[in-house]
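Let me begin by presenting the structure, written as structure tokens, before commenting on it.
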Amino acid sequence: MTPSPKALKLNRLRQDKRKRDSIALIVLTALGLAATSLIVQLFLFLAYAQLARKPAPSLVQLNNGEAINVQAMGSLERDPAVIQRFVTDSLILLMSWHNNLPAGRDDYGNLGEPLKDPGIEVTGGNGERRRITTSAFQASFTFSEGFRQELVQLLAEMTPEAVFTGKVQSLLMFQAVTQPKLIEPGKWSLSVVGYLVQSKTGSADTQRIPFNKEVIVRAVDTPSLPGGGELASPLETAISGIRQAGLEIELMRDLEPSAPVAPSPAPQPRTQEDS
């Protein structure tokens with residue numbers, strides 16, 4: 001039986017109403033989601049605004065309980081004092097020779113008795129096997145790898161064998177260290193003026209050797225120790241400690257005699273008790 005025109009019209013009206021109801025439901029759902037999103041964004045904006053008003057943290061507490069001052073810096077920025085300290089500490093470890101290992105600390109933080117340094121055997125530039133001090137070997141890792149091998153060979157030729165018997169000692173002294181001069185982002189140049197004092201045990205005679213160098217330093221990333229340091233070897237721990245400044249010596253060469261050097265005092269090197 002064919003539906004009457006009136007029934008067909010009623011069916012169309014019902015279908016139109018269902019469509020309008022569906023559209024209205026979709027619109028209401030979209031409005032609800034938009035309102036929720038607006039509320040969330042408003043909450044995030046207020047949180048960010050409150051965070052921006054807070055002063056940046058200026059202290060960080062280390063694992064040993066020591067608190068240090070910090071400041072926000074770019075990945076290629078370094079404080080001039082940090083650069084100077086890194087260079088002087090590295091060169092003192094590299095060029096100050098004696099027959100004692102750096103004093104270690106026990107579980108209570110007390111310094112132990114220094115042990116005799118057996119030295120590290122390396123190959124000199126002439127192919128002979130010679131020894132350099134352990135501290136010099138560790139300090140060589142503050143230099144770029146392309147320069148380090150040549151440096152180790154030179155140290156092997158310079159280090160007297162009598163150092164390891166305690167008959168000869170060498171100490172690097174600084175007279176002036178210039179402010180770091182920016183060469184390019186993440187790279188600096190500075191000059192060091194000083195001398196090496198070599199002496200024989202039991203003798204008042206000393207030999208002073210000028211040590212005037214231009215040092216090129218660049219910023220590098222310092223990788224973390226494996227296992228947070230618990231799985232690191234003593235050598236890895238020592239190398240990581242002297243590279244914590246995030247710096248590396250790219251080049252060291254003789255300072256030109258005519259190069260001006262400001263007579264500012266060099267920063268005092270850290271002693272074993274400070275390290």
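Starting from 1 in every chain, residues are counted up; chains themselves are A, B, ... following the order of the structure tokens, and ligands are numbered from 1 as listed.
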
What parts of segment 167-241 of chain A does DSSP call strand (DSSP E or B)? I'd like the answer as a PyMOL selection string.
chain A and resi 168-177+181-184+187-200+206-219

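Taking the backbone of this structure through DSSP, the residues of segment 177-232 of chain A that come out as helix (DSSP H, G or I) are A:Pro226, A:Gly227, A:Gly228, A:Gly229.
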
Write a file of the selected residues as a PDB file, in the first residue's frame, keeping C-alpha atoms.
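So selection-v8.pdb came out as:
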ATOM      1  CA  PRO A 226      79.075   5.714  33.662  1.00  0.00           C
ATOM      2  CA  GLY A 227      76.699   4.631  36.403  1.00  0.00           C
ATOM      3  CA  GLY A 228      76.711   8.109  37.908  1.00  0.00           C
ATOM      4  CA  GLY A 229      80.392   7.683  38.780  1.00  0.00           C
TER       5      GLY A 229
END

With only C-alpha atoms counted and 12 Å as the cut-off, give the residues of segment 136-192 of chain A in contact with segment 81-92 of chain A, each with its shortest interatomic distance in Å and the pair that gives it, as CSV.
residue,atom,partner,partner_atom,distance
A:Ala136,CA,A:Ile92,CA,8.6
A:Phe137,CA,A:Ser90,CA,10.8
A:Gln138,CA,A:Ser90,CA,9.1
A:Ala139,CA,A:Ser90,CA,5.6
A:Ser140,CA,A:Ser90,CA,8.1
A:Phe141,CA,A:Ser90,CA,9.2
A:Thr142,CA,A:Ser90,CA,6.8
A:Phe143,CA,A:Ser90,CA,9.0
A:Leu151,CA,A:Leu91,CA,11.9
A:Ser170,CA,A:Ile92,CA,10.0
A:Leu171,CA,A:Ile92,CA,7.6
A:Leu172,CA,A:Ile92,CA,5.8
A:Met173,CA,A:Ile92,CA,8.0
A:Phe174,CA,A:Thr88,CA,8.2
A:Gln175,CA,A:Thr88,CA,11.2
A:Ala176,CA,A:Thr88,CA,10.4
A:Val177,CA,A:Gln84,CA,7.3
A:Thr178,CA,A:Gln84,CA,8.1
A:Gln179,CA,A:Gln84,CA,7.4
A:Pro180,CA,A:Ile83,CA,7.1
A:Lys181,CA,A:Ile83,CA,10.4
A:Leu182,CA,A:Ile83,CA,11.3
A:Gly186,CA,A:Ile83,CA,11.2
A:Lys187,CA,A:Ile83,CA,10.4
A:Trp188,CA,A:Ile83,CA,8.6
A:Ser189,CA,A:Ile83,CA,9.8
A:Leu190,CA,A:Gln84,CA,8.2
A:Ser191,CA,A:Gln84,CA,9.8
A:Val192,CA,A:Thr88,CA,8.4

Please write the residues from the selection above to a file, keeping C-alpha atoms, as an mmCIF file, in the first residue's frame.
data_model
loop_
_atom_site.group_PDB
_atom_site.id
_atom_site.type_symbol
_atom_site.label_atom_id
_atom_site.label_comp_id
_atom_site.auth_asym_id
_atom_site.auth_seq_id
_atom_site.Cartn_x
_atom_site.Cartn_y
_atom_site.Cartn_z
ATOM 1 C CA ALA A 136 100.697 15.150 33.767
ATOM 2 C CA PHE A 137 99.092 12.191 32.002
ATOM 3 C CA GLN A 138 95.699 13.067 33.491
ATOM 4 C CA ALA A 139 96.117 16.748 32.618
ATOM 5 C CA SER A 140 96.911 15.854 29.002
ATOM 6 C CA PHE A 141 93.234 14.940 28.578
ATOM 7 C CA THR A 142 92.304 18.610 28.963
ATOM 8 C CA PHE A 143 93.860 19.097 25.518
ATOM 9 C CA LEU A 151 102.114 16.983 23.796
ATOM 10 C CA SER A 170 109.586 20.902 39.045
ATOM 11 C CA LEU A 171 107.030 23.581 39.892
ATOM 12 C CA LEU A 172 105.160 25.871 37.505
ATOM 13 C CA MET A 173 104.702 29.440 38.775
ATOM 14 C CA PHE A 174 102.554 32.116 37.125
ATOM 15 C CA GLN A 175 103.310 35.813 37.020
ATOM 16 C CA ALA A 176 100.299 36.899 34.926
ATOM 17 C CA VAL A 177 97.323 35.440 33.088
ATOM 18 C CA THR A 178 95.393 37.682 30.692
ATOM 19 C CA GLN A 179 91.640 37.954 30.494
ATOM 20 C CA PRO A 180 90.232 35.520 27.907
ATOM 21 C CA LYS A 181 89.746 37.179 24.519
ATOM 22 C CA LEU A 182 86.796 35.909 22.470
ATOM 23 C CA GLY A 186 82.793 29.166 22.140
ATOM 24 C CA LYS A 187 86.524 29.850 21.575
ATOM 25 C CA TRP A 188 88.925 32.107 23.514
ATOM 26 C CA SER A 189 92.577 33.066 23.563
ATOM 27 C CA LEU A 190 94.597 33.996 26.633
ATOM 28 C CA SER A 191 98.268 34.419 27.473
ATOM 29 C CA VAL A 192 100.127 33.020 30.473
#

List the spatial neighbours of Thr134 of chain A as a PyMOL selection string - criterion: any atom at most 12 Å away, only C-alpha atoms, same-chain residues fewer than 5 positions off excluded.
chain A and resi 93-102+115-122+139-141+152+155-156+159+163-164+234-235+238-239

So how far away is atom CA of Gln50 of chain A from atom CA of Leu31 of chain A, in Å?
28.6 Å

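With only C-alpha atoms taken into account, the protein and nucleic acid residues at most 9 Å from Val220 of chain A (excluding it and anything under 6 positions from it in its own chain) are Ser75, Leu76, Gly186, Ala245, Gly246, Leu247 and Glu248 of chain A.
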
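Among the candidate residues A:Ala219, A:Ala232, A:Val27, A:Ile249, the one lying nearest to Gly74 of chain A is A:Ala219, with distances computed using only C-alpha atoms.
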
So the first atom is atom CA of Asn126 of chain A and the second is atom CA of Val168 of chain A; what is the distance between them in Å, to one decimal place?
23.0 Å
